[in-house]
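K.L.:
The structure follows.
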Amino acid sequence: MAGIYIHIPFCLQACHYCDFHFSTNRSHASEMVSMICRELELRKHYLSESGPIHTIYFGGGTPSLLPADQIAKIYDSIQTHFDCELQETTLEANPDDLIDEKLDAWLALGVDRLSIGIQSFNDDVLKFYNRSHNAKESLLAIDKARKAGFQSLSMDLIYGFPHTDHHIWQNDLDQTLALAPNHISSYCLTIEPQTALGVWEKKGKFKAASEDFQAEQFEILQGSLERAGYLQYEISNFARNNAFSRHNSNYWKGIPYLGIGPGAHSFDGNHRGYNVSNNMVYIRKLKENQLPYQKETLSADDQLNEYLLTSMRTIWGIDNVYLVNKFGWNLFKERENTLSDMQRQGLILVEDQSVSLSRKGKLLADYLASKLFI
């Protein structure tokens, strides 16, 4: 189930927490789209051994900023250069971009899933984050998307906003659940050095919430969504009625994917690679028929550790049969004592030849995976 990720490196404005690659200067947007199509052509053989393309994900940045015909141009280029048997096409969108004309065009094109960046329903929090929408626009956007015919909607939320109590976060969850999307992604507010929040923190103008406060909000998230019938199939992702993100699930399962656009990453099973995170350098290199791409060969140990890290985050957990067959490495023999300690503390669940995290263990996912690394 190979997939293609398209990075659209433009945003209307800079969110104060975001360290993804983007630019608020869209003067070269049309040229960027042409070069994304050029990169698709030059890399059309990258996934040739992985079978047909089953998923497309337009991410960013803010793909919903682009005119619909530019999204269509990229989509048509994928169809031209790759063998596609599409099962899911996702587009990330901000609420203020969801106008009827774009929604109709995306749906007609083949986009069947929207990932909408709600983040919060509190207008003061949204202003603090420097989001380009307000809570009213979020509610209107969900209504418009459904009326247009989108049945698969994912809503993004951020927890960990520093406050004296949890009522803002609980209200965000209550409003989200009242809208009943089939998928919810929720991420902790992290302070990256190069962001506005990072600069403010360094100057003493902002103080992040404590780890205990963040952990409490994560547990509120888990409890609220579980009671509402959502399954936490990955640390940050919840779905009802098995509406898992197929594209993102492939990342966690180690399925090959191709990343197109500045800053995008790729994985072919044995190598990782990444494009230059500079819009003008990306455009210039592709105009010269050069790939703006660097490749890293993964050792067997690297691949094994990555599998442990990503699979540990999911409901499917670590498959020991897979480890033995692919790497000749038996988790239960090599990490017997470590697994016993984790199980005794109630951090993991062991069933036959698999290991997954308990609800308690999900608070420590990456740390626990690192204890199993080679």
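Chain identifiers are assigned as A, B, and so on, following the order in which chains appear in the structure tokens; residues are numbered from 1 within each chain, and ligands are numbered from 1 in order of appearance.
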So that I can check the surroundings of segment 348-359 of chain A, please list as a short mmCIF file (atom, residue, chain, number, x, y, z; two decimals) with all heavy atoms, in the first residue's frame every protein, DNA and RNA residue that reaches within 7 Å of it, counting only C-alpha atoms and ignoring chain neighbours fewer than 3 positions away.
P.N.:
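For reference, part.cif as written:
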```
data_model
loop_
_atom_site.label_atom_id
_atom_site.label_comp_id
_atom_site.auth_asym_id
_atom_site.auth_seq_id
_atom_site.Cartn_x
_atom_site.Cartn_y
_atom_site.Cartn_z
N MET A 312 5.54 0.50 18.15
CA MET A 312 5.20 0.59 19.57
C MET A 312 4.11 1.64 19.81
O MET A 312 3.36 1.57 20.78
CB MET A 312 6.45 0.93 20.38
CG MET A 312 6.31 0.79 21.87
SD MET A 312 6.28 -0.92 22.41
CE MET A 312 7.10 -0.81 24.00
N ILE A 315 -1.79 0.50 17.92
CA ILE A 315 -2.59 -0.55 18.54
C ILE A 315 -2.12 -1.93 18.10
O ILE A 315 -2.32 -2.92 18.80
CB ILE A 315 -4.08 -0.33 18.19
CG1 ILE A 315 -4.96 -1.22 19.07
CG2 ILE A 315 -4.35 -0.56 16.72
CD1 ILE A 315 -6.44 -0.95 18.91
N TRP A 316 -1.48 -1.99 16.93
CA TRP A 316 -1.01 -3.29 16.41
C TRP A 316 0.26 -3.75 17.12
O TRP A 316 0.54 -4.95 17.18
CB TRP A 316 -0.78 -3.20 14.91
CG TRP A 316 -2.02 -2.72 14.20
CD1 TRP A 316 -3.18 -3.43 14.00
CD2 TRP A 316 -2.25 -1.42 13.67
NE1 TRP A 316 -4.11 -2.63 13.35
CE2 TRP A 316 -3.57 -1.39 13.14
CE3 TRP A 316 -1.48 -0.25 13.58
CZ2 TRP A 316 -4.12 -0.27 12.53
CZ3 TRP A 316 -2.03 0.87 12.97
CH2 TRP A 316 -3.34 0.86 12.46
N GLY A 317 1.02 -2.82 17.63
CA GLY A 317 2.20 -3.16 18.42
C GLY A 317 3.33 -3.78 17.62
O GLY A 317 3.37 -3.73 16.39
N ILE A 318 4.27 -4.36 18.35
CA ILE A 318 5.46 -4.98 17.77
C ILE A 318 5.15 -6.44 17.46
O ILE A 318 4.69 -7.18 18.31
CB ILE A 318 6.65 -4.91 18.74
CG1 ILE A 318 7.00 -3.44 19.04
CG2 ILE A 318 7.86 -5.65 18.19
CD1 ILE A 318 7.98 -3.28 20.19
N ASP A 319 5.41 -6.83 16.23
CA ASP A 319 5.18 -8.20 15.78
C ASP A 319 6.51 -8.95 15.83
O ASP A 319 7.39 -8.73 14.99
CB ASP A 319 4.61 -8.20 14.36
CG ASP A 319 4.31 -9.60 13.84
OD1 ASP A 319 4.67 -10.60 14.51
OD2 ASP A 319 3.75 -9.69 12.73
N ASN A 320 6.66 -9.84 16.80
CA ASN A 320 7.93 -10.54 16.96
C ASN A 320 8.21 -11.49 15.81
O ASN A 320 9.37 -11.72 15.45
CB ASN A 320 7.95 -11.29 18.29
CG ASN A 320 9.34 -11.81 18.63
OD1 ASN A 320 10.31 -11.06 18.62
ND2 ASN A 320 9.44 -13.10 18.93
N VAL A 321 7.18 -12.05 15.21
CA VAL A 321 7.37 -12.94 14.06
C VAL A 321 8.03 -12.16 12.92
O VAL A 321 8.94 -12.66 12.25
CB VAL A 321 6.03 -13.56 13.62
CG1 VAL A 321 6.22 -14.38 12.34
CG2 VAL A 321 5.46 -14.43 14.72
N MET A 342 8.60 -4.12 32.30
CA MET A 342 7.53 -3.28 31.75
C MET A 342 6.16 -3.89 32.02
O MET A 342 5.21 -3.18 32.37
CB MET A 342 7.72 -3.10 30.24
CG MET A 342 8.91 -2.25 29.84
SD MET A 342 9.05 -2.14 28.03
CE MET A 342 10.54 -1.14 27.86
N GLN A 343 6.08 -5.21 31.87
CA GLN A 343 4.80 -5.89 32.09
C GLN A 343 4.40 -5.83 33.56
O GLN A 343 3.23 -5.61 33.89
CB GLN A 343 4.89 -7.34 31.60
CG GLN A 343 3.55 -8.04 31.50
CD GLN A 343 3.67 -9.38 30.80
OE1 GLN A 343 4.76 -9.95 30.67
NE2 GLN A 343 2.54 -9.92 30.34
N LYS A 362 1.15 4.39 27.25
CA LYS A 362 1.10 5.34 26.15
C LYS A 362 1.63 6.72 26.54
O LYS A 362 1.98 7.52 25.68
CB LYS A 362 -0.32 5.44 25.61
CG LYS A 362 -0.74 4.19 24.83
CD LYS A 362 -2.20 4.20 24.44
CE LYS A 362 -2.56 2.89 23.74
NZ LYS A 362 -4.01 2.77 23.44
#
```
K.L.:
Give me the residues near Gln345 of chain A as a PDB file with all heavy atoms, in the first residue's frame, where near means some atom within 10 Å (using only C-alpha atoms) and where sequence neighbours in that chain fewer than 6 positions away do not count.
P.N.:
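The new file around.pdb reads:
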```pdb
ATOM      1  N   LEU A 339      11.242  -6.580  29.116  1.00  0.00           N
ATOM      2  CA  LEU A 339       9.814  -6.792  28.892  1.00  0.00           C
ATOM      3  C   LEU A 339       9.109  -7.216  30.182  1.00  0.00           C
ATOM      4  O   LEU A 339       7.984  -6.776  30.462  1.00  0.00           O
ATOM      5  CB  LEU A 339       9.600  -7.839  27.803  1.00  0.00           C
ATOM      6  CG  LEU A 339       9.991  -7.433  26.376  1.00  0.00           C
ATOM      7  CD1 LEU A 339       9.863  -8.626  25.434  1.00  0.00           C
ATOM      8  CD2 LEU A 339       9.142  -6.274  25.876  1.00  0.00           C
ATOM      9  N   LYS A 360      -1.637   3.144  30.299  1.00  0.00           N
ATOM     10  CA  LYS A 360      -0.625   3.800  31.128  1.00  0.00           C
ATOM     11  C   LYS A 360       0.680   3.960  30.353  1.00  0.00           C
ATOM     12  O   LYS A 360       1.349   5.000  30.426  1.00  0.00           O
ATOM     13  CB  LYS A 360      -0.401   2.974  32.393  1.00  0.00           C
ATOM     14  CG  LYS A 360       0.659   3.500  33.340  1.00  0.00           C
ATOM     15  CD  LYS A 360       0.802   2.568  34.542  1.00  0.00           C
ATOM     16  CE  LYS A 360       1.919   3.006  35.475  1.00  0.00           C
ATOM     17  NZ  LYS A 360       2.085   2.045  36.615  1.00  0.00           N
ATOM     18  N   GLY A 361       1.040   2.945  29.604  1.00  0.00           N
ATOM     19  CA  GLY A 361       2.301   2.974  28.865  1.00  0.00           C
ATOM     20  C   GLY A 361       2.329   3.997  27.754  1.00  0.00           C
ATOM     21  O   GLY A 361       3.405   4.448  27.344  1.00  0.00           O
TER      22      GLY A 361
END
```
K.L.:
Report, in Å with one decimal, the straight-line distance from atom CA of Phe58 of chain A to atom CA of Gly263 of chain A.
P.N.:
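It comes out at 13.4 Å.
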K.L.:
Can you tell me, as a PDB file with N, CA, C and O atoms, in the first residue's frame, what residues are no more than 10 Å from Leu291 of chain A when counting only C-alpha atoms, ignoring any on the same chain fewer than 3 positions away?
P.N.:
```pdb
ATOM      1  N   ARG A  38       7.149  18.440 -11.820  1.00  0.00           N
ATOM      2  CA  ARG A  38       8.417  18.014 -12.426  1.00  0.00           C
ATOM      3  C   ARG A  38       9.101  16.958 -11.563  1.00  0.00           C
ATOM      4  O   ARG A  38       9.626  15.963 -12.079  1.00  0.00           O
ATOM      5  N   GLU A  39       9.101  17.158 -10.246  1.00  0.00           N
ATOM      6  CA  GLU A  39       9.709  16.165  -9.361  1.00  0.00           C
ATOM      7  C   GLU A  39       8.966  14.832  -9.443  1.00  0.00           C
ATOM      8  O   GLU A  39       9.591  13.764  -9.435  1.00  0.00           O
ATOM      9  N   LEU A  42      10.308  13.108 -12.475  1.00  0.00           N
ATOM     10  CA  LEU A  42      11.679  12.627 -12.325  1.00  0.00           C
ATOM     11  C   LEU A  42      11.780  11.444 -11.367  1.00  0.00           C
ATOM     12  O   LEU A  42      12.706  10.637 -11.467  1.00  0.00           O
ATOM     13  N   ARG A  43      10.826  11.318 -10.451  1.00  0.00           N
ATOM     14  CA  ARG A  43      10.905  10.255  -9.439  1.00  0.00           C
ATOM     15  C   ARG A  43       9.817   9.203  -9.642  1.00  0.00           C
ATOM     16  O   ARG A  43       9.445   8.496  -8.704  1.00  0.00           O
ATOM     17  N   ASN A 275      14.107  16.185   0.957  1.00  0.00           N
ATOM     18  CA  ASN A 275      14.318  17.294   0.039  1.00  0.00           C
ATOM     19  C   ASN A 275      14.791  18.529   0.787  1.00  0.00           C
ATOM     20  O   ASN A 275      14.512  18.691   1.982  1.00  0.00           O
ATOM     21  N   VAL A 276      15.457  19.397   0.066  1.00  0.00           N
ATOM     22  CA  VAL A 276      15.940  20.650   0.643  1.00  0.00           C
ATOM     23  C   VAL A 276      14.758  21.466   1.156  1.00  0.00           C
ATOM     24  O   VAL A 276      13.704  21.535   0.522  1.00  0.00           O
ATOM     25  N   TYR A 282      14.811  24.646  -4.117  1.00  0.00           N
ATOM     26  CA  TYR A 282      14.031  23.535  -4.662  1.00  0.00           C
ATOM     27  C   TYR A 282      13.623  23.819  -6.104  1.00  0.00           C
ATOM     28  O   TYR A 282      13.814  22.981  -7.006  1.00  0.00           O
ATOM     29  N   ILE A 283      13.079  25.006  -6.346  1.00  0.00           N
ATOM     30  CA  ILE A 283      12.649  25.376  -7.698  1.00  0.00           C
ATOM     31  C   ILE A 283      13.827  25.420  -8.658  1.00  0.00           C
ATOM     32  O   ILE A 283      13.769  24.892  -9.775  1.00  0.00           O
ATOM     33  N   ARG A 284      14.919  26.048  -8.226  1.00  0.00           N
ATOM     34  CA  ARG A 284      16.085  26.187  -9.110  1.00  0.00           C
ATOM     35  C   ARG A 284      16.655  24.833  -9.509  1.00  0.00           C
ATOM     36  O   ARG A 284      16.961  24.603 -10.684  1.00  0.00           O
ATOM     37  N   LYS A 285      16.815  23.931  -8.553  1.00  0.00           N
ATOM     38  CA  LYS A 285      17.404  22.630  -8.863  1.00  0.00           C
ATOM     39  C   LYS A 285      16.538  21.842  -9.849  1.00  0.00           C
ATOM     40  O   LYS A 285      17.045  21.212 -10.770  1.00  0.00           O
ATOM     41  N   LEU A 286      15.234  21.879  -9.664  1.00  0.00           N
ATOM     42  CA  LEU A 286      14.362  21.128 -10.564  1.00  0.00           C
ATOM     43  C   LEU A 286      14.314  21.750 -11.955  1.00  0.00           C
ATOM     44  O   LEU A 286      14.180  21.043 -12.960  1.00  0.00           O
ATOM     45  N   LYS A 287      14.456  23.059 -12.028  1.00  0.00           N
ATOM     46  CA  LYS A 287      14.564  23.707 -13.338  1.00  0.00           C
ATOM     47  C   LYS A 287      15.805  23.224 -14.085  1.00  0.00           C
ATOM     48  O   LYS A 287      15.837  23.190 -15.326  1.00  0.00           O
ATOM     49  N   GLU A 288      16.827  22.855 -13.304  1.00  0.00           N
ATOM     50  CA  GLU A 288      18.070  22.342 -13.883  1.00  0.00           C
ATOM     51  C   GLU A 288      18.052  20.820 -14.009  1.00  0.00           C
ATOM     52  O   GLU A 288      19.089  20.194 -14.247  1.00  0.00           O
ATOM     53  N   GLN A 294      18.541  14.401  -0.675  1.00  0.00           N
ATOM     54  CA  GLN A 294      19.674  13.703  -0.076  1.00  0.00           C
ATOM     55  C   GLN A 294      19.193  12.368   0.472  1.00  0.00           C
ATOM     56  O   GLN A 294      18.105  12.280   1.043  1.00  0.00           O
TER      57      GLN A 294
END
```
K.L.:
Residues of segment 49-255 of chain A in strand (DSSP E or B) according to DSSP, as a PyMOL selection string?
P.N.:
chain A and resi 53-60+84-93+113-119+152-159+183-188+231-234+237-239
K.L.:
Ranking A:Tyr307, A:Tyr46, A:Phe213, A:Tyr230 by minimum distance to Trp252 of chain A and counting only C-alpha atoms, which one comes first?
P.N.:
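Residue with the minimum atom-to-atom distance to Trp252 of chain A: A:Tyr307.
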K.L.:
Would you mind telling me which residue in A:Ile36, A:Ile8, A:Leu140, A:Ala300 lies nearest to Asn270 of chain A when using only C-alpha atoms?
P.N.:
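Among A:Ile36, A:Ile8, A:Leu140, A:Ala300, it is A:Ala300 that comes nearest to Asn270 of chain A.
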K.L.:
I'd like the neighbourhood of Tyr233 of chain A as a ChimeraX atom specification, where a residue qualifies if any of its atoms comes within 9 Å (using only C-alpha atoms), though same-chain residues fewer than 3 positions away should be ignored.
P.N.:
/A:230,236-239,244,313-316
K.L.:
Among segment 322-359 of chain A, which residues does DSSP mark as alpha helix (DSSP H) when it is run on the backbone? Keep the chain and numbering as in the structure and answer as an NGL selection string.
P.N.:
:A and (322-327 or 331-334 or 336-344)
K.L.:
Can you work out which one of A:Asn279, A:Ser64, A:Gln13, A:Asn248 has the shortest atom-to-atom distance to Gly261 of chain A, counting only C-alpha atoms?
P.N.:
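Of A:Asn279, A:Ser64, A:Gln13, A:Asn248, the one nearest Gly261 of chain A is A:Asn279, counting only C-alpha atoms.
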K.L.:
Counting only C-alpha atoms, give me one row per residue of segment 34-136 of chain A with an atom at most 12 Å from an atom of segment 177-185 of chain A, showing the shortest contact pair and its distance in Å to one decimal, sorted by chain then residue number, as a Markdown table.
P.N.:
```
| residue | atom | partner | partner_atom | distance |
| --- | --- | --- | --- | --- |
| A:Arg113 | CA | A:His183 | CA | 10.1 |
| A:Leu114 | CA | A:His183 | CA | 10.0 |
| A:Ser115 | CA | A:His183 | CA | 8.7 |
| A:Ile116 | CA | A:Ile184 | CA | 9.6 |
| A:Gly117 | CA | A:Ser185 | CA | 9.5 |
| A:Ile118 | CA | A:Ser185 | CA | 10.1 |
| A:Gln119 | CA | A:Ser185 | CA | 9.6 |
| A:Phe121 | CA | A:Leu179 | CA | 11.9 |
```
K.L.:
Take the residues that were just selected and, keeping C-alpha atoms, output them as a compact mmCIF listing (two decimals), in the first residue's frame.
P.N.:
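Output file selection-v1.txt is given in full below:
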```txt
# COMPACT_ATOMS: atom_id res chain seq x y z
CA ARG A 113 -10.84 12.85 3.24
CA LEU A 114 -10.21 16.24 4.84
CA SER A 115 -7.88 16.83 7.79
CA ILE A 116 -9.02 20.12 9.29
CA GLY A 117 -6.74 22.16 11.55
CA ILE A 118 -9.16 23.18 14.31
CA GLN A 119 -6.57 23.19 17.16
CA PHE A 121 -12.48 26.25 19.99
```
K.L.:
With distances taken over only C-alpha atoms, which residue among A:Leu157, A:Phe206, A:Lys253, A:His271 lies nearest Asp174 of chain A?
P.N.:
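So, comparing all the options, the nearest one is A:Leu157.
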K.L.:
Taking only C-alpha atoms into account, name the residue in A:Glu226, A:Ser77, A:Asn241, A:His167 that is nearest to Ser152 of chain A.
P.N.:
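Looking only at the distances to Ser152 of chain A, the closest residue turns out to be A:Asn241.
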K.L.:
Restricting the calculation to only C-alpha atoms, which member of A:Ala196, A:Val111, A:Leu258, A:Ile168 is positioned closest to Ala14 of chain A?
P.N.:
A:Ala196
K.L.:
So which residues touch segment 54-56 of chain A within 9 Å, counting only C-alpha atoms, skipping near sequence neighbours fewer than 4 positions away, as a PyMOL selection string?
P.N.:
chain A and resi 1-6+75+78+84-91+111+246-247
K.L.:
Take the residues from that selection and put them in a file with N, CA, C and O atoms, as a PDB file, in the first residue's frame.
P.N.:
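Generated file (out-v2.pdb):
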```pdb
ATOM      1  N   MET A   1       0.836  -1.202   0.000  1.00  0.00           N
ATOM      2  CA  MET A   1       0.000   0.000   0.000  1.00  0.00           C
ATOM      3  C   MET A   1       0.869   1.249   0.000  1.00  0.00           C
ATOM      4  O   MET A   1       0.858   2.039   0.930  1.00  0.00           O
ATOM      5  N   ALA A   2       1.669   1.435  -1.055  1.00  0.00           N
ATOM      6  CA  ALA A   2       2.555   2.586  -1.136  1.00  0.00           C
ATOM      7  C   ALA A   2       1.746   3.878  -1.221  1.00  0.00           C
ATOM      8  O   ALA A   2       0.607   3.895  -1.681  1.00  0.00           O
ATOM      9  N   GLY A   3       2.351   4.970  -0.749  1.00  0.00           N
ATOM     10  CA  GLY A   3       1.668   6.250  -0.744  1.00  0.00           C
ATOM     11  C   GLY A   3       2.568   7.382  -1.204  1.00  0.00           C
ATOM     12  O   GLY A   3       3.800   7.260  -1.220  1.00  0.00           O
ATOM     13  N   ILE A   4       1.944   8.474  -1.596  1.00  0.00           N
ATOM     14  CA  ILE A   4       2.668   9.681  -1.999  1.00  0.00           C
ATOM     15  C   ILE A   4       2.223  10.836  -1.112  1.00  0.00           C
ATOM     16  O   ILE A   4       1.019  11.082  -0.943  1.00  0.00           O
ATOM     17  N   TYR A   5       3.211  11.524  -0.539  1.00  0.00           N
ATOM     18  CA  TYR A   5       2.955  12.711   0.269  1.00  0.00           C
ATOM     19  C   TYR A   5       3.392  13.933  -0.539  1.00  0.00           C
ATOM     20  O   TYR A   5       4.519  13.971  -1.074  1.00  0.00           O
ATOM     21  N   ILE A   6       2.525  14.928  -0.632  1.00  0.00           N
ATOM     22  CA  ILE A   6       2.829  16.175  -1.330  1.00  0.00           C
ATOM     23  C   ILE A   6       2.907  17.300  -0.309  1.00  0.00           C
ATOM     24  O   ILE A   6       1.923  17.587   0.373  1.00  0.00           O
ATOM     25  N   TYR A  75      -2.517  16.456  -8.813  1.00  0.00           N
ATOM     26  CA  TYR A  75      -3.233  15.168  -8.794  1.00  0.00           C
ATOM     27  C   TYR A  75      -3.145  14.487 -10.162  1.00  0.00           C
ATOM     28  O   TYR A  75      -2.886  13.283 -10.251  1.00  0.00           O
ATOM     29  N   ILE A  78       0.286  12.957 -10.714  1.00  0.00           N
ATOM     30  CA  ILE A  78       0.435  11.671 -10.025  1.00  0.00           C
ATOM     31  C   ILE A  78      -0.207  10.558 -10.863  1.00  0.00           C
ATOM     32  O   ILE A  78       0.386   9.493 -11.074  1.00  0.00           O
ATOM     33  N   CYS A  84      -1.864   3.919 -10.185  1.00  0.00           N
ATOM     34  CA  CYS A  84      -2.678   4.264  -9.019  1.00  0.00           C
ATOM     35  C   CYS A  84      -3.901   3.357  -8.890  1.00  0.00           C
ATOM     36  O   CYS A  84      -4.638   3.156  -9.855  1.00  0.00           O
ATOM     37  N   GLU A  85      -4.063   2.845  -7.687  1.00  0.00           N
ATOM     38  CA  GLU A  85      -5.298   2.169  -7.297  1.00  0.00           C
ATOM     39  C   GLU A  85      -5.714   2.795  -5.967  1.00  0.00           C
ATOM     40  O   GLU A  85      -5.594   2.200  -4.903  1.00  0.00           O
ATOM     41  N   LEU A  86      -6.194   4.021  -6.054  1.00  0.00           N
ATOM     42  CA  LEU A  86      -6.358   4.856  -4.868  1.00  0.00           C
ATOM     43  C   LEU A  86      -7.488   4.378  -3.968  1.00  0.00           C
ATOM     44  O   LEU A  86      -8.593   4.085  -4.416  1.00  0.00           O
ATOM     45  N   GLN A  87      -7.159   4.326  -2.682  1.00  0.00           N
ATOM     46  CA  GLN A  87      -8.124   3.979  -1.648  1.00  0.00           C
ATOM     47  C   GLN A  87      -8.388   5.142  -0.693  1.00  0.00           C
ATOM     48  O   GLN A  87      -9.350   5.115   0.070  1.00  0.00           O
ATOM     49  N   GLU A  88      -7.515   6.153  -0.736  1.00  0.00           N
ATOM     50  CA  GLU A  88      -7.668   7.301   0.161  1.00  0.00           C
ATOM     51  C   GLU A  88      -6.854   8.477  -0.370  1.00  0.00           C
ATOM     52  O   GLU A  88      -5.678   8.318  -0.698  1.00  0.00           O
ATOM     53  N   THR A  89      -7.493   9.631  -0.475  1.00  0.00           N
ATOM     54  CA  THR A  89      -6.800  10.866  -0.842  1.00  0.00           C
ATOM     55  C   THR A  89      -7.183  11.932   0.173  1.00  0.00           C
ATOM     56  O   THR A  89      -8.341  12.332   0.272  1.00  0.00           O
ATOM     57  N   THR A  90      -6.187  12.364   0.945  1.00  0.00           N
ATOM     58  CA  THR A  90      -6.411  13.312   2.040  1.00  0.00           C
ATOM     59  C   THR A  90      -5.854  14.678   1.682  1.00  0.00           C
ATOM     60  O   THR A  90      -4.797  14.787   1.048  1.00  0.00           O
ATOM     61  N   LEU A  91      -6.559  15.717   2.112  1.00  0.00           N
ATOM     62  CA  LEU A  91      -6.062  17.080   1.958  1.00  0.00           C
ATOM     63  C   LEU A  91      -6.191  17.803   3.288  1.00  0.00           C
ATOM     64  O   LEU A  91      -7.267  17.817   3.887  1.00  0.00           O
ATOM     65  N   VAL A 111     -10.514  13.860  -3.955  1.00  0.00           N
ATOM     66  CA  VAL A 111     -10.194  13.988  -2.531  1.00  0.00           C
ATOM     67  C   VAL A 111     -11.387  13.463  -1.741  1.00  0.00           C
ATOM     68  O   VAL A 111     -12.508  13.933  -1.913  1.00  0.00           O
ATOM     69  N   ARG A 246      -5.330   5.677   6.456  1.00  0.00           N
ATOM     70  CA  ARG A 246      -4.548   4.627   5.795  1.00  0.00           C
ATOM     71  C   ARG A 246      -3.150   5.117   5.455  1.00  0.00           C
ATOM     72  O   ARG A 246      -2.174   4.374   5.588  1.00  0.00           O
ATOM     73  N   HIS A 247      -3.063   6.357   5.004  1.00  0.00           N
ATOM     74  CA  HIS A 247      -1.754   6.896   4.617  1.00  0.00           C
ATOM     75  C   HIS A 247      -0.811   6.951   5.814  1.00  0.00           C
ATOM     76  O   HIS A 247       0.316   6.441   5.760  1.00  0.00           O
TER      77      HIS A 247
END
```
K.L.:
In Å, how far is it from atom CA of Phe10 of chain A to atom CA of Phe22 of chain A?
P.N.:
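About the pair atom CA of Phe10 of chain A and atom CA of Phe22 of chain A: they are 5.0 Å apart.
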